[in-house]
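> What follows is a single structure, and I will ask about it in a moment.
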Amino acid sequence: MFNEQTKTQQENVKKKPSNLKRFISYYKPHKGLFILDMVCALFISAVDIVYPLLSKTALNKYLLPENPQYRAFFILIAVCIVMYILRTGATYIVTFMGHRLGVKIEADMRRDAFSHLQKLGFSFYDKSRTGKLLSRCTNDLFDVTELAHHGPEDVFISVVTFIGAFTVMAFIEWRLAVMLIAIVPLMLLFVMKLRSHMNRTSRKVKEGMAIINADIESSISGARVAKAFTNEKYEISKFEHGNGIFINSKTKYYKTMGTFMAGMEFFTSILNVLVLGLSGYLIMRGKMELSTLVVFLLYISSFVTPIRKLSAFAEQYTMGMAGFKRFTELLDTEPDVVDSPDAVELSDVKGNIVFDHVSFAYGAESENVLEDICLNIKAGKTLALVGPSGGGKTTLCHLLPRFYDITSGHITIDGHEIHDVTLRSLRQNIGIVQQDVFLFAASIKDNIRYGNINATDEDIINAAIAAEIHDDIMQMPDGYDTVVGERGITLSGGQKQRVSIARIFLKNPPILILDEATSALDSATEARITAAFEKLSKGRTTLVIAHRLSTVRNADEIAVVDEHGIVELGSHDELMALNGEYRALNDAQNKFYIIE
């Protein structure tokens, strides 16, 4: 089953279209805006091409000294004014609506990135830094937005203007046009040569920025720890290291960019000199009129501007596609835990749980953390997991909701293999109070409601009362609307723990996992919460991870877990009678509390 899942994921990766095709696909939902942008861009190009022709007409027909045609000339001027008024409107639309198009595409990409992050499992976040993920969803996509807006527009305008200007110039004086077009291949060769190098250096810039974001996120999150250990200078030195990487990569990028822009400036400037030189020769030989030179110089601007835009587009494309590539790398990261093709909904859960010869390792090359685990937990019963830290108790509980997939063996709930049911229905039936409590930077009410998004205020209050946190909340200035701050920093450890417990009361699942759920509570509150858990556990299957053995004496079964697996299993009295690992742990804790 696991091999088939991996094979399917590999086939999906092979079927991915090119990055350019994927980039273009984001225009499809906004094709109306895109067409409007391109039509206005076409009009802007048309005006730039037509104006020099109208100037030539004015010079050759309406401004002749011997026969000036005032009426026709000023009508022509009026036409030009109207054209440029309309061009101004088109420029406004291109600037405003074009940028709006880019923002919509950026929002779509960020939505896809965020949605995909929700699908990725624990193993992905175990290896990823928050700051780097944040960079991929923000900084990288800003350059993509600029490319999404300006890219097609600049290329379209440049190509139309270039072809139009060259066609007209060839019609006016083909010898000058041939000379200009002969320079273009040299310019293109120069652009293509530097483009690949720009792409590599641009990618390094993105990676450097991601390192900076990761360092900043880590330092801000750990600011209190840094101050407690007076390690502010150390944090600054770590940041400076990342900042140095960014400076070096940016310096290399700008060095390449400087070469590129200087070369383009030379090519575009030398065109005017070459046109003047050849035109002067033709005029002196009597083969070209001075008025033709004036008009041709006007067209030089129309001929050079597209080249300048295309050179700027090369930088924009490099930066944008570097960001888009990092974005697609994120989207192409396959979730390691997914629904099987024929997964069914898990419903009417009673809570019979079986671990059948289960083994687990965190990676293909890693040793097993759990080896040949066998457990049979009857519906409505409580199993306590005790033992030394690092023995795999939390890992064992994380396998039940499929936060990680087992390496071998089977886990069933009411006889249903957990790989044969949908992840959503599986996790909806399991409530978890974790040792490391995470609260969102929102109100207490919103944090409790996270257990059931559709819960009423009355439901939330009842859950808080059951979790012994209601009285504390009512003493706060804003009651249930009190904002808890980043990661719940304004609350004490015990208050945070009880808010998280209230979430589980609100969720009301048939299976409970309590991972050191009372670890941050004082003895008096712990006793109240333990009593509340006992009421909640009635009729529900409960897995309890505990270090304080006094909190699990009444469990139906207690499993002692160490690096070798489950070494003892039974009730408190049975395990005490064995005079083994459990008895040793119990005696050690009693001795500690007596000394204390």
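We label chains A, B, ... in the order they appear in the structure tokens, count residues from 1 in each chain, and number ligands from 1 in the order shown.
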Give me, as JSON lines, each residue of region 145-175 of chain A that comes within 10 Å of region 52-68 of chain A, together with its shortest interatomic pair and the distance in Å at one decimal, counting only C-alpha atoms, with rows ordered by chain and rising residue number.

```
{"residue": "A:Ala165", "atom": "CA", "partner": "A:Pro52", "partner_atom": "CA", "distance": 9.3}
{"residue": "A:Val168", "atom": "CA", "partner": "A:Leu53", "partner_atom": "CA", "distance": 8.1}
{"residue": "A:Met169", "atom": "CA", "partner": "A:Leu53", "partner_atom": "CA", "distance": 9.7}
{"residue": "A:Ile172", "atom": "CA", "partner": "A:Leu53", "partner_atom": "CA", "distance": 9.6}
```
> Just to be explicit: take each residue in the selection above, keep all heavy atoms, and write the result as a tab-separated table (two decimals), in the first residue's frame.

```
chain	number	residue	atom	x	y	z
A	165	ALA	N	7.39	49.82	-36.06
A	165	ALA	CA	8.38	50.87	-36.33
A	165	ALA	C	9.34	50.44	-37.43
A	165	ALA	O	9.68	51.24	-38.32
A	165	ALA	CB	9.16	51.19	-35.05
A	168	VAL	N	7.62	50.64	-40.90
A	168	VAL	CA	7.49	52.01	-41.39
A	168	VAL	C	8.86	52.56	-41.79
A	168	VAL	O	9.00	53.23	-42.83
A	168	VAL	CB	6.84	52.90	-40.31
A	168	VAL	CG1	6.84	54.36	-40.77
A	168	VAL	CG2	5.41	52.44	-40.04
A	169	MET	N	9.90	52.28	-40.97
A	169	MET	CA	11.24	52.78	-41.29
A	169	MET	C	11.75	52.17	-42.59
A	169	MET	O	12.42	52.85	-43.38
A	169	MET	CB	12.20	52.46	-40.14
A	169	MET	CG	12.01	53.36	-38.92
A	169	MET	SD	13.33	53.17	-37.68
A	169	MET	CE	13.03	51.51	-37.13
A	172	ILE	N	10.19	54.08	-45.31
A	172	ILE	CA	10.72	55.43	-45.46
A	172	ILE	C	12.13	55.40	-46.06
A	172	ILE	O	12.42	56.13	-47.02
A	172	ILE	CB	10.76	56.14	-44.08
A	172	ILE	CG1	9.33	56.36	-43.57
A	172	ILE	CG2	11.49	57.49	-44.18
A	172	ILE	CD1	9.29	56.92	-42.16
```
> Would you mind listing, for every residue of region 458-522 of chain A within 10 Å of region 380-394 of chain A, the two atoms forming the shortest contact and the distance between them in Å to one decimal, using only C-alpha atoms, sorted by chain and ascending residue number, as CSV?

```
residue,atom,partner,partner_atom,distance
A:Pro510,CA,A:Gly380,CA,8.4
A:Ile511,CA,A:Gly380,CA,8.4
A:Leu512,CA,A:Thr382,CA,9.2
A:Ile513,CA,A:Thr394,CA,9.5
A:Leu514,CA,A:Ala384,CA,9.3
A:Asp515,CA,A:Thr394,CA,6.9
A:Glu516,CA,A:Thr394,CA,9.4
```
> Restricted to C-alpha atoms, what would the selected residues look like written as a CSV table (one decimal), in the first residue's frame?

```csv
chain,number,residue,atom,x,y,z
A,510,PRO,CA,-15.3,9.8,20.9
A,511,ILE,CA,-11.5,9.3,21.2
A,512,LEU,CA,-9.2,11.4,23.4
A,513,ILE,CA,-5.4,11.8,23.4
A,514,LEU,CA,-4.1,13.7,26.5
A,515,ASP,CA,-0.4,14.4,26.1
A,516,GLU,CA,0.7,15.7,29.4
```
> What's the 12 Å shell around Gly485 (chain A), counting only C-alpha atoms, without same-chain residues fewer than 5 positions away, as a list in words?
Phe438, Leu439, Phe440, Ala441, Ala442, Ser443, Ile444, Asn447, Thr490, Leu491, Ser492 and Lys496 of chain A
> Which residues come within 9 Å of Tyr362 (chain A), counting only C-alpha atoms, excluding same-chain residues fewer than 3 positions away, as a list in words?
Ser123, Glu365, Ser366, Glu367, Asn368, Val369, Tyr404 and Thr407 of chain A
> So which residues of region 410-530 of chain A fall under helix (DSSP H, G or I) by DSSP, listed as a ChimeraX atom specification?
/A:418-420,423-428,444-449,457-466,470-474,479-481,486-488,493-507,523-530
> Extract, using only C-alpha atoms, all DNA, RNA and protein residues at most 7 Å from Gly102 (chain A), discarding same-chain residues fewer than 3 positions from it, and format them as a PyMOL selection string.
chain A and resi 98-99+105-106+145-146+148-149
> What would the file look like if the residues just selected were written as a compact mmCIF listing (two decimals), in the first residue's frame with all heavy atoms?

```txt
# COMPACT_ATOMS: atom_id res chain seq x y z
N GLY A 98 -4.02 46.82 -14.96
CA GLY A 98 -2.93 45.85 -15.12
C GLY A 98 -2.35 45.42 -13.78
O GLY A 98 -2.11 44.25 -13.53
N HIS A 99 -2.14 46.43 -12.91
CA HIS A 99 -1.64 46.09 -11.58
C HIS A 99 -2.68 45.30 -10.78
O HIS A 99 -2.34 44.42 -9.99
CB HIS A 99 -1.25 47.36 -10.81
CG HIS A 99 0.13 47.83 -11.10
ND1 HIS A 99 0.41 48.89 -11.92
CD2 HIS A 99 1.34 47.34 -10.72
CE1 HIS A 99 1.72 49.07 -12.02
NE2 HIS A 99 2.30 48.13 -11.30
N ILE A 105 -3.63 37.78 -9.45
CA ILE A 105 -2.84 36.57 -9.71
C ILE A 105 -1.98 36.23 -8.50
O ILE A 105 -1.86 35.07 -8.10
CB ILE A 105 -1.98 36.76 -10.97
CG1 ILE A 105 -2.88 36.78 -12.21
CG2 ILE A 105 -0.92 35.66 -11.10
CD1 ILE A 105 -2.17 37.08 -13.51
N GLU A 106 -1.37 37.27 -7.88
CA GLU A 106 -0.58 37.04 -6.68
C GLU A 106 -1.44 36.44 -5.58
O GLU A 106 -1.01 35.51 -4.88
CB GLU A 106 0.04 38.35 -6.20
CG GLU A 106 0.86 38.19 -4.92
CD GLU A 106 1.34 39.52 -4.35
OE1 GLU A 106 0.91 40.57 -4.87
OE2 GLU A 106 2.12 39.50 -3.39
N THR A 145 4.17 39.09 -9.00
CA THR A 145 3.10 40.04 -9.32
C THR A 145 3.55 41.04 -10.38
O THR A 145 2.81 41.31 -11.34
CB THR A 145 2.68 40.82 -8.05
OG1 THR A 145 2.24 39.90 -7.08
CG2 THR A 145 1.56 41.79 -8.35
N GLU A 146 4.75 41.58 -10.19
CA GLU A 146 5.26 42.54 -11.17
C GLU A 146 5.42 41.89 -12.54
O GLU A 146 5.11 42.49 -13.57
CB GLU A 146 6.61 43.09 -10.69
CG GLU A 146 6.51 43.98 -9.46
CD GLU A 146 5.66 45.21 -9.73
OE1 GLU A 146 6.01 46.02 -10.59
OE2 GLU A 146 4.60 45.35 -9.06
N ALA A 148 3.69 39.26 -13.61
CA ALA A 148 2.35 38.94 -14.11
C ALA A 148 1.70 40.15 -14.76
O ALA A 148 0.99 40.03 -15.76
CB ALA A 148 1.47 38.43 -12.97
N HIS A 149 1.94 41.33 -14.18
CA HIS A 149 1.35 42.54 -14.76
C HIS A 149 2.17 43.05 -15.95
O HIS A 149 1.67 43.17 -17.06
CB HIS A 149 1.27 43.64 -13.70
CG HIS A 149 0.97 45.00 -14.27
ND1 HIS A 149 1.53 46.15 -13.78
CD2 HIS A 149 0.20 45.38 -15.32
CE1 HIS A 149 1.11 47.18 -14.49
NE2 HIS A 149 0.31 46.75 -15.43
```
> Which residue gives the smallest distance to Ile411 (chain A) among A:Val358, A:Ile44, A:Met38, A:Ala455, with only C-alpha atoms counted?
A:Val358
> Set the distance at 9 Å and use only C-alpha atoms: which residues neighbour Asn462 (chain A) once local chain neighbours fewer than 4 positions away are removed? I'd like the list as an MDAnalysis selection string.
chainID A and resid 457:458 466:467 470 502 505:506
> Among region 364-393 of chain A, which ones does DSSP place in strand (DSSP E or B), written as an MDAnalysis selection string?
chainID A and resid 370:377 382:386
> Smallest atom-to-atom distance to Leu147 (chain A): which of A:Leu101, A:Thr412, A:Thr395, A:Ala464, using only C-alpha atoms?
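Closest residue, counting only C-alpha atoms: A:Leu101.
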> Would you pick out the contacts of Gly431 (chain A) at 12 Å or less, using only C-alpha atoms, so that residues sharing its chain but fewer than 2 positions from it are not included, and give the list as a VMD selection string?
chain A and resid 397 to 398 400 to 401 426 to 429 433 to 434 450 to 452 500 to 515 517 536 to 537 540 to 544
> So how far away is CA of Leu370 (chain A) from CA of Arg583 (chain A), in Å?
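These two atoms are separated by 22.8 Å.
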